[in-house]
Each structure stands twice: as C-alpha cells, then as structure tokens.
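A.B. asks: Hey, dropping upload04.cif in here, mmCIF, C-alpha atoms and all ligand atoms:
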```
data_structure
loop_
_atom_site.label_atom_id
_atom_site.label_comp_id
_atom_site.auth_asym_id
_atom_site.auth_seq_id
_atom_site.Cartn_x
_atom_site.Cartn_y
_atom_site.Cartn_z
CA MET A 1 79.64 71.07 -108.42
CA ARG A 2 77.79 74.24 -107.60
CA PRO A 3 79.25 77.35 -109.34
CA VAL A 4 81.70 79.27 -107.15
CA ARG A 5 79.58 82.41 -107.26
CA GLU A 6 76.62 80.52 -105.83
CA TRP A 7 78.77 79.17 -102.98
CA PHE A 8 79.70 82.73 -102.03
CA SER A 9 76.12 83.96 -102.22
CA LYS A 10 75.05 81.10 -99.92
CA GLU A 11 77.75 81.93 -97.40
CA GLU A 12 76.77 85.60 -97.41
CA SER A 13 73.04 84.99 -96.89
CA PRO A 14 71.74 86.51 -93.63
CA ARG A 15 71.51 84.32 -90.54
CA HIS A 16 68.11 83.53 -89.05
CA ALA A 17 66.95 86.40 -86.83
CA ASP A 18 66.44 84.07 -83.85
CA PRO A 19 69.91 83.13 -82.51
CA GLU A 20 68.68 79.75 -81.21
CA ILE A 21 67.39 78.82 -84.65
CA ALA A 22 70.49 80.22 -86.36
CA GLY A 23 72.53 77.93 -84.08
CA LEU A 24 70.30 74.98 -84.96
CA PHE A 25 70.83 75.71 -88.67
CA ASP A 26 74.60 75.66 -88.07
CA ASP A 27 74.22 72.28 -86.35
CA LEU A 28 72.08 70.92 -89.20
CA VAL A 29 74.77 71.93 -91.70
CA THR A 30 77.40 70.25 -89.51
CA ALA A 31 75.21 67.14 -89.11
CA ASN A 32 74.93 66.83 -92.90
CA GLN A 33 78.70 67.21 -93.31
CA ILE A 34 79.58 64.74 -90.56
CA LEU A 35 77.14 62.10 -91.79
CA PHE A 36 78.41 62.52 -95.36
CA HIS A 37 82.06 62.19 -94.35
CA GLN A 38 81.27 59.16 -92.16
CA GLY A 39 79.65 57.40 -95.13
CA VAL A 40 76.22 57.33 -93.49
CA LEU A 41 74.68 59.75 -95.98
CA ASP A 42 75.90 59.56 -99.56
CA SER A 43 74.30 61.60 -102.33
CA PHE A 44 70.94 60.77 -100.76
CA GLY A 45 69.36 60.65 -97.32
CA HIS A 46 68.49 63.53 -95.03
CA VAL A 47 68.63 64.84 -91.49
CA SER A 48 66.05 67.04 -89.78
CA ALA A 49 65.47 68.77 -86.43
CA ARG A 50 62.21 69.72 -84.76
CA HIS A 51 61.56 73.45 -84.36
CA PRO A 52 62.63 74.28 -80.78
CA LYS A 53 59.79 76.79 -80.32
CA ASN A 54 56.99 75.28 -82.39
CA SER A 55 56.75 71.51 -81.95
CA ASP A 56 54.44 71.19 -84.98
CA ARG A 57 57.25 72.20 -87.31
CA PHE A 58 60.68 70.96 -88.32
CA PHE A 59 63.71 72.06 -90.30
CA MET A 60 65.39 70.19 -93.15
CA SER A 61 67.31 71.16 -96.27
CA ARG A 62 65.81 71.38 -99.73
CA ALA A 63 66.46 68.34 -101.95
CA MET A 64 70.21 68.19 -102.51
CA ALA A 65 73.31 66.12 -101.76
CA PRO A 66 73.81 66.26 -97.96
CA GLY A 67 77.52 67.09 -98.19
CA MET A 68 76.64 70.33 -100.03
CA VAL A 69 74.02 71.68 -97.58
CA ARG A 70 74.47 75.26 -96.31
CA ALA A 71 72.31 77.20 -93.83
CA ALA A 72 70.55 79.01 -96.69
CA ASP A 73 69.34 75.65 -98.01
CA ILE A 74 67.38 74.82 -94.86
CA LEU A 75 63.60 75.12 -95.06
CA GLU A 76 60.88 75.08 -92.41
CA PHE A 77 58.13 72.44 -92.79
CA ASP A 78 54.74 72.13 -91.12
CA ARG A 79 53.42 69.00 -89.42
CA ASP A 80 52.32 67.55 -92.77
CA GLY A 81 55.70 68.02 -94.44
CA ILE A 82 54.63 71.10 -96.41
CA PRO A 83 57.08 74.05 -96.57
CA VAL A 84 55.86 76.96 -94.45
CA GLU A 85 57.00 79.43 -97.09
CA GLU A 86 56.58 78.97 -100.80
CA THR A 87 59.79 77.78 -102.42
CA LYS A 88 61.00 77.34 -105.98
CA HIS A 89 63.35 74.58 -104.88
CA SER A 90 62.59 70.89 -105.15
CA LEU A 91 61.95 68.98 -101.93
CA TYR A 92 62.93 65.54 -100.68
CA VAL A 93 60.15 63.19 -101.79
CA GLU A 94 60.64 61.24 -98.55
CA ARG A 95 60.03 64.21 -96.24
CA PHE A 96 56.96 62.35 -94.93
CA ILE A 97 59.31 60.10 -92.98
CA HIS A 98 60.08 63.15 -90.87
CA SER A 99 56.61 64.71 -90.65
CA GLU A 100 54.92 61.46 -89.62
CA LEU A 101 57.64 60.43 -87.16
CA TYR A 102 57.51 63.82 -85.42
CA LYS A 103 53.72 63.48 -85.21
CA ALA A 104 53.91 60.00 -83.72
CA ARG A 105 56.87 60.56 -81.36
CA HIS A 106 56.73 63.65 -79.17
CA ASP A 107 60.01 62.65 -77.51
CA VAL A 108 61.87 62.82 -80.83
CA ASN A 109 63.56 66.08 -81.84
CA ALA A 110 65.90 64.88 -84.58
CA ILE A 111 65.73 62.27 -87.34
CA VAL A 112 68.29 60.80 -89.75
CA HIS A 113 67.16 58.84 -92.79
CA SER A 114 70.06 57.15 -94.54
CA HIS A 115 70.97 54.31 -96.86
CA SER A 116 74.04 53.46 -94.77
CA PRO A 117 75.20 50.35 -96.62
CA THR A 118 76.19 47.83 -93.98
CA VAL A 119 72.77 48.04 -92.32
CA ILE A 120 70.87 47.01 -95.46
CA PRO A 121 71.71 43.25 -95.31
CA PHE A 122 69.89 43.13 -91.97
CA SER A 123 66.74 44.43 -93.68
CA ILE A 124 66.65 41.68 -96.31
CA THR A 125 67.63 38.56 -94.34
CA GLN A 126 66.41 36.81 -91.23
CA ALA A 127 69.40 38.16 -89.26
CA GLU A 128 68.24 40.86 -86.85
CA LEU A 129 70.37 43.94 -86.20
CA ARG A 130 71.18 43.68 -82.49
CA PRO A 131 73.64 45.55 -80.26
CA VAL A 132 77.06 43.91 -80.27
CA PHE A 133 79.02 46.71 -78.55
CA HIS A 134 78.38 49.11 -75.70
CA ARG A 135 77.92 52.25 -77.83
CA ALA A 136 74.94 50.65 -79.59
CA SER A 137 72.78 49.92 -76.53
CA PHE A 138 70.06 52.10 -78.10
CA LEU A 139 69.46 49.26 -80.62
CA SER A 140 68.29 46.84 -77.92
CA PRO A 141 66.78 44.35 -78.21
CA SER A 142 66.77 44.61 -82.03
CA ALA A 143 65.82 46.99 -84.83
CA PRO A 144 62.40 46.34 -86.41
CA VAL A 145 62.12 46.11 -90.21
CA PHE A 146 59.62 48.17 -92.19
CA GLU A 147 58.09 46.23 -95.10
CA ILE A 148 56.80 48.78 -97.59
CA ARG A 149 54.80 46.15 -99.50
CA GLU A 150 52.42 45.92 -96.55
CA VAL A 151 51.32 49.53 -97.00
CA ALA A 152 52.08 50.24 -100.68
CA GLY A 153 51.43 46.86 -102.31
CA ALA A 154 53.61 44.70 -104.54
CA ARG A 155 54.08 47.35 -107.24
CA ASN A 156 55.75 50.10 -105.20
CA ASN A 157 58.75 52.37 -105.76
CA MET A 158 60.35 51.58 -102.36
CA LEU A 159 60.04 55.23 -101.26
CA VAL A 160 58.20 56.66 -98.26
CA ASN A 161 56.82 59.45 -100.42
CA ASP A 162 53.39 60.04 -98.87
CA PRO A 163 51.91 60.47 -95.38
CA LYS A 164 50.30 57.01 -95.38
CA ARG A 165 53.67 55.32 -95.87
CA GLY A 166 55.26 57.64 -93.30
CA LYS A 167 52.59 56.71 -90.77
CA ALA A 168 53.18 53.00 -91.41
CA LEU A 169 56.93 53.49 -90.90
CA ALA A 170 56.22 55.30 -87.62
CA ALA A 171 54.07 52.33 -86.54
CA THR A 172 56.95 49.93 -87.29
CA LEU A 173 59.38 52.13 -85.35
CA GLY A 174 57.01 52.24 -82.36
CA GLY A 175 58.92 53.45 -79.31
CA LYS A 176 62.33 52.32 -80.62
CA ASN A 177 65.29 54.40 -81.78
CA VAL A 178 66.04 52.72 -85.10
CA ALA A 179 63.95 51.03 -87.79
CA LEU A 180 65.32 49.38 -90.91
CA MET A 181 63.57 49.86 -94.24
CA ARG A 182 63.66 46.65 -96.29
CA GLY A 183 66.05 46.90 -99.25
CA HIS A 184 66.37 50.65 -98.79
CA GLY A 185 67.96 52.03 -95.61
CA ASN A 186 67.07 53.00 -92.08
CA VAL A 187 65.73 55.72 -89.87
CA VAL A 188 67.32 56.83 -86.59
CA VAL A 189 65.63 59.10 -84.04
CA ALA A 190 66.78 60.89 -80.88
CA PRO A 191 65.76 63.63 -78.48
CA ARG A 192 68.76 65.71 -79.64
CA LEU A 193 70.34 66.34 -83.03
CA ARG A 194 73.87 65.47 -81.90
CA LEU A 195 72.66 62.23 -80.37
CA ALA A 196 70.80 61.33 -83.58
CA VAL A 197 74.05 61.86 -85.50
CA SER A 198 76.13 59.67 -83.17
CA ARG A 199 73.40 56.99 -83.17
CA ALA A 200 73.27 56.97 -86.98
CA ILE A 201 77.06 56.47 -87.12
CA GLU A 202 77.00 53.80 -84.41
CA THR A 203 74.18 51.94 -86.17
CA GLU A 204 76.47 51.57 -89.21
CA VAL A 205 79.43 50.60 -86.99
CA ASN A 206 77.33 48.01 -85.14
CA ALA A 207 76.22 46.48 -88.44
CA LYS A 208 79.88 46.16 -89.53
CA LEU A 209 80.89 44.56 -86.23
CA GLN A 210 77.92 42.20 -86.24
CA LEU A 211 78.72 41.06 -89.79
CA GLN A 212 82.35 40.46 -88.78
CA ALA A 213 81.22 38.42 -85.78
CA MET A 214 78.95 36.39 -88.06
CA LEU A 215 81.90 35.68 -90.37
CA ILE A 216 83.95 34.34 -87.46
CA GLY A 217 81.01 32.03 -86.82
CA GLY A 218 79.38 30.44 -83.80
CA PRO A 219 76.84 31.99 -81.47
CA ILE A 220 77.22 35.75 -80.91
CA ASN A 221 77.32 37.10 -77.38
CA TYR A 222 75.11 40.17 -77.84
CA LEU A 223 74.62 42.89 -75.22
CA SER A 224 71.94 41.57 -72.88
CA ALA A 225 68.71 43.48 -72.40
CA GLU A 226 69.84 44.23 -68.83
CA GLU A 227 73.15 45.70 -70.02
CA ALA A 228 71.44 47.80 -72.67
CA GLU A 229 68.84 49.03 -70.17
CA THR A 230 71.58 49.96 -67.67
CA LEU A 231 73.52 51.89 -70.32
CA GLU A 232 70.40 53.70 -71.53
CA ALA A 233 69.37 54.54 -67.95
CA ASP A 234 72.84 56.02 -67.39
CA LEU A 235 72.35 58.11 -70.53
CA ALA A 236 68.94 59.32 -69.35
CA ARG A 237 70.52 60.47 -66.06
CA THR A 238 73.39 62.28 -67.78
CA LYS A 239 73.07 66.01 -68.26
CA PRO A 240 72.11 66.95 -71.83
CA ALA A 241 75.42 68.81 -72.13
CA ASP A 242 77.26 65.48 -72.21
CA ALA A 243 74.88 62.84 -73.50
CA ARG A 244 77.33 59.96 -72.97
CA GLY A 245 79.85 61.13 -75.48
CA ALA A 246 77.50 62.39 -78.22
CA ASP A 247 79.03 65.85 -77.90
CA ARG A 248 82.55 64.42 -77.94
CA VAL A 249 81.73 62.47 -81.11
CA TRP A 250 80.24 65.66 -82.57
CA GLU A 251 83.22 67.94 -81.86
CA VAL A 252 85.88 65.63 -83.25
CA LEU A 253 83.90 64.67 -86.36
CA LYS A 254 82.93 68.30 -86.97
CA ARG A 255 86.61 69.26 -87.10
CA GLN A 256 87.36 66.31 -89.38
CA ALA A 257 84.46 67.17 -91.73
CA ARG A 258 85.52 70.84 -91.91
CA THR A 259 89.11 70.03 -92.82
CA ARG A 260 87.90 67.68 -95.58
CA ALA A 261 85.18 70.03 -96.92
ZN ZN B 301 65.61 56.84 -98.81
#
```
Once more with this new file: its structure as structure tokens, please.
C.D. replies:
Amino acid sequence: MRPVREWFSKEESPRHADPEIAGLFDDLVTANQILFHQGVLDSFGHVSARHPKNSDRFFMSRAMAPGMVRAADILEFDRDGIPVEETKHSLYVERFIHSELYKARHDVNAIVHSHSPTVIPFSITQAELRPVFHRASFLSPSAPVFEIREVAGARNNMLVNDPKRGKALAATLGGKNVALMRGHGNVVVAPRLRLAVSRAIETEVNAKLQLQAMLIGGPINYLSAEEAETLEADLARTKPADARGADRVWEVLKRQARTRA
C-alpha cells in the first residue's frame, strides 16, 4: 500500500492545464479502476489513450498496479514510447505494444494490454477465440495469436519489451480489434477509450462463455460473419456519444469501481 500522505499529495496535484486532456486523464484513471475491478487487469497490464491533439503521442501511467493509478501518475510518451519529459519513475517495459500499435493503426485511439485469464487458453491451444454472443461481434471472425518466438527466438522472456517485438505484434493484429499473445495475454484496441474498456471486458466474458459452450460439447453455433458485420456496421453508424452501450457499461462500472476503491 502507498503511504497515506502520498495518496493525499497525489489527489492534490494540479490538473492538466488543458481541460480536454485533464478529462482524458480522469477517464484513464477510471479505465484502470474499472478494468482492475472487472478482473481484466490484475497487478499487471496497462491501458493507454492517444493524445487528442498530437497523434504522435499517447498517455499512459508510470509502471504501477493499475488499480492504484491516479491522474498524477500519467505520463506523456512520444511515438517511440519514450517519455516526453524526463521522469524518475520506472516505466512499463511493454510500452512498445502501445507505441508500435499507434504507429501502425491510425484509427486506434485507445489500447488495453491485459493478462485476462480466461483468454489465455485460446492462445495456447488450437481452439480459436470466436464471437459466441452479440456483444463480442468485434472479435469476428476470430482473434489472431501472436507467437513471440517468431520475432524473439526460442530463448525469449515472453515480453514485448522493444520496438521490434511491438511491430511484430502490430503485424499480427493487422486490422483487427483483438490479438492474443501466446501464453501471456491479449491486446484490445478501439477508436475510443470507453469502447476499448468495454471490448476488453467483453473479450474476457466471451472467452468464459466459449469455454462453457465447449464443456457442454458438440458443435458451437458462433455468430456468423454476416451477423458480426451487421452489428459492427450498426456501431459505426451510431453517434460516438452512445457507441452501442459502451458509455452505459462505463457509467455503471465506474460507479461500482468507485464504491469499491
Ligand atoms: Zn504483459
């Protein structure tokens, strides 16, 4: 636990001078809390958001447990994952996931990297993670699996801790919304932070449901490509203010996370 005095000093630190960025910092803190309380992030994993006014930069906390992140812990990174301002704090060694994905995907404005547990079996077996319920249409037709051995060799530490590995992960993700990382976790991307949060939660939920369906046995009736395309097209037509429930998910889980904090 952080000493009480430090908690107070964090809370009292000045807000960012730009109100839009101050609001984004608030949302990043909330995203960390929600994902922690939903069991998507544990003591590890991270969530980032692209700078709304400088697309070559992004915001993410310093290296710490996600459930403890406060606005004062959020740092600004350049396109290569280097902090814009010098910092004495340690940084997430896997920040290159974020820098390389933002470089490769101009449509992406938020990224969640987690070790959400139920997803991992789908990264180490032949079973593909596929959408089994309507909220997971963004997974269609299936989530690709990143094999770190292909870029880092047999003797690797399983971490995406340099730009070369980040670039290879971005290549595996391609134009999709989710990629699994073999024996490690997954990465979820979205054009909005709140949508990235709901997708990260729904990826874990889908994995649970798919495993349950597999236990029942017999062929699984997955969402068809046509159904997933229709759902995603509906989402694309929806106003950003109500991205098919992402804001509803956000508001209710934000309240829940605050009462538990
Ligand atoms: Zn990781």
A.B. asks: Please identify the residues whose atoms come within 8 Å of ligand ZN 301 (chain B), using all atoms listed in the file, and report them as a list of chain:residue names.
C.D. replies: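 Final answer, ordered by chain and number: A:Phe44, A:Gly45, A:Glu94, A:His113, A:Ser114, A:His115, A:Leu159, A:Val160, A:His184, A:Gly185, A:Asn186.
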A.B. asks: Do you know which residues are at most 8 Å from Thr118 of chain A counting all atoms listed in the file, after dropping those on the same chain fewer than 5 positions away, and could you put them as an mmCIF file with C-alpha atoms, in the frame of the given file?
C.D. replies:
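File produced: part_38.cif:
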```cif
data_model
loop_
_atom_site.group_PDB
_atom_site.id
_atom_site.type_symbol
_atom_site.label_atom_id
_atom_site.label_comp_id
_atom_site.auth_asym_id
_atom_site.auth_seq_id
_atom_site.Cartn_x
_atom_site.Cartn_y
_atom_site.Cartn_z
ATOM 1 C CA GLU A 204 76.470 51.570 -89.210
ATOM 2 C CA ALA A 207 76.220 46.480 -88.440
ATOM 3 C CA LYS A 208 79.880 46.160 -89.530
#
```
A.B. asks: Using only C-alpha atoms and a cutoff of 10 Å, can you tell me which residues are near (64.3, 48.7, -92.6) in the file's coordinates, and write them out as a ChimeraX atom specification?
C.D. replies: /A:115,119-124,143-148,169,172-173,178-187
A.B. asks: Which residue out of A:Arg95, A:Arg62, A:Arg149, A:Arg255 has the minimum interatomic distance to Pro163 of chain A when only C-alpha atoms are used?
C.D. replies: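 When distances to Pro163 of chain A are compared using only C-alpha atoms, the smallest one comes from A:Arg95.
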A.B. asks: Which is closer to Leu129 of chain A than all the others in A:Leu193, A:Val205, A:Ile216, A:Leu24, using all atoms listed in the file?
C.D. replies: A:Val205
A.B. asks: Counting all atoms listed in the file, which residues have an atom no more than 12 Å from (61.4, 62.3, -82.5) in the file's coordinates? Please list them as number ranges by chain.
C.D. replies: A: 47-51, 55-58, 97-112, 170, 173-178, 187-193, 195-196
A.B. asks: In Å, rounded to a single decimal, give me how far atom CA of Ala65 of chain A is from atom CA of Val249 of chain A.
C.D. replies: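 Atom CA of Ala65 of chain A lies 22.6 Å from atom CA of Val249 of chain A.
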A.B. asks: Quick check, in Å to one decimal: how far apart do atom CA of Ser137 of chain A and atom CA of Ile220 of chain A lie?
C.D. replies: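 A separation of 15.5 Å between them.
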A.B. asks: Between A:Asn206, A:Asn157, A:Ser90, A:Ser61, which one has atoms that come closest to Ser142 of chain A, using only C-alpha atoms?
C.D. replies: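 For Ser142 of chain A, the nearest of the candidates is A:Asn206.
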A.B. asks: Could you tell me how far atom CA of Ile34 of chain A sits from atom CA of Arg194 of chain A, in Å to one decimal place?
C.D. replies: 10.4 Å
A.B. asks: I'd like the neighbourhood of Leu41 of chain A as a list of chain:residue names, where a residue qualifies if any of its atoms comes within 8 Å (using only C-alpha atoms), though same-chain residues fewer than 2 positions away should be ignored.
C.D. replies: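 So, after excluding close chain neighbours, the residues are A:Asn32, A:Leu35, A:Phe36, A:His37, A:Gln38, A:Gly39, A:Ser43, A:Phe44, A:Gly45, A:His46, A:Pro66, A:Ser114, A:His115, A:Ser116.
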A.B. asks: Under the rule that only C-alpha atoms are counted, which of A:Gln33, A:Met60, A:Met68, A:Gly153 is the nearest residue to Gln256 of chain A?
C.D. replies: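 Going through A:Gln33, A:Met60, A:Met68, A:Gly153 one by one, the smallest distance to Gln256 of chain A is for A:Gln33.
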A.B. asks: Sorted by chain and rising residue number, list the residues of segment 161-239 of chain A at most 12 Å from segment 71-81 of chain A (counting all atoms listed in the file), each with its closest atom pair and distance in Å to one decimal, as JSON lines.
C.D. replies:
```
{"residue": "A:Asn161", "atom": "CA", "partner": "A:Gly81", "partner_atom": "CA", "distance": 10.5}
{"residue": "A:Asp162", "atom": "CA", "partner": "A:Gly81", "partner_atom": "CA", "distance": 9.4}
{"residue": "A:Pro163", "atom": "CA", "partner": "A:Asp80", "partner_atom": "CA", "distance": 7.6}
{"residue": "A:Lys164", "atom": "CA", "partner": "A:Asp80", "partner_atom": "CA", "distance": 11.0}
{"residue": "A:Gly166", "atom": "CA", "partner": "A:Asp80", "partner_atom": "CA", "distance": 10.4}
{"residue": "A:Lys167", "atom": "CA", "partner": "A:Asp80", "partner_atom": "CA", "distance": 11.0}
```
A.B. asks: Between A:Leu91, A:Val84, A:Leu139, A:Ala17, single out the one closest to Glu232 of chain A, counting only C-alpha atoms.
C.D. replies: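 Checking each candidate against Glu232 of chain A, we get A:Leu139 as the closest.
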A.B. asks: Smallest atom-to-atom distance to Ala136 of chain A: which of A:Ala168, A:Ile82, A:Ala152, A:Ile201, using only C-alpha atoms?
C.D. replies: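 Of all the options, A:Ile201 lies closest to Ala136 of chain A.
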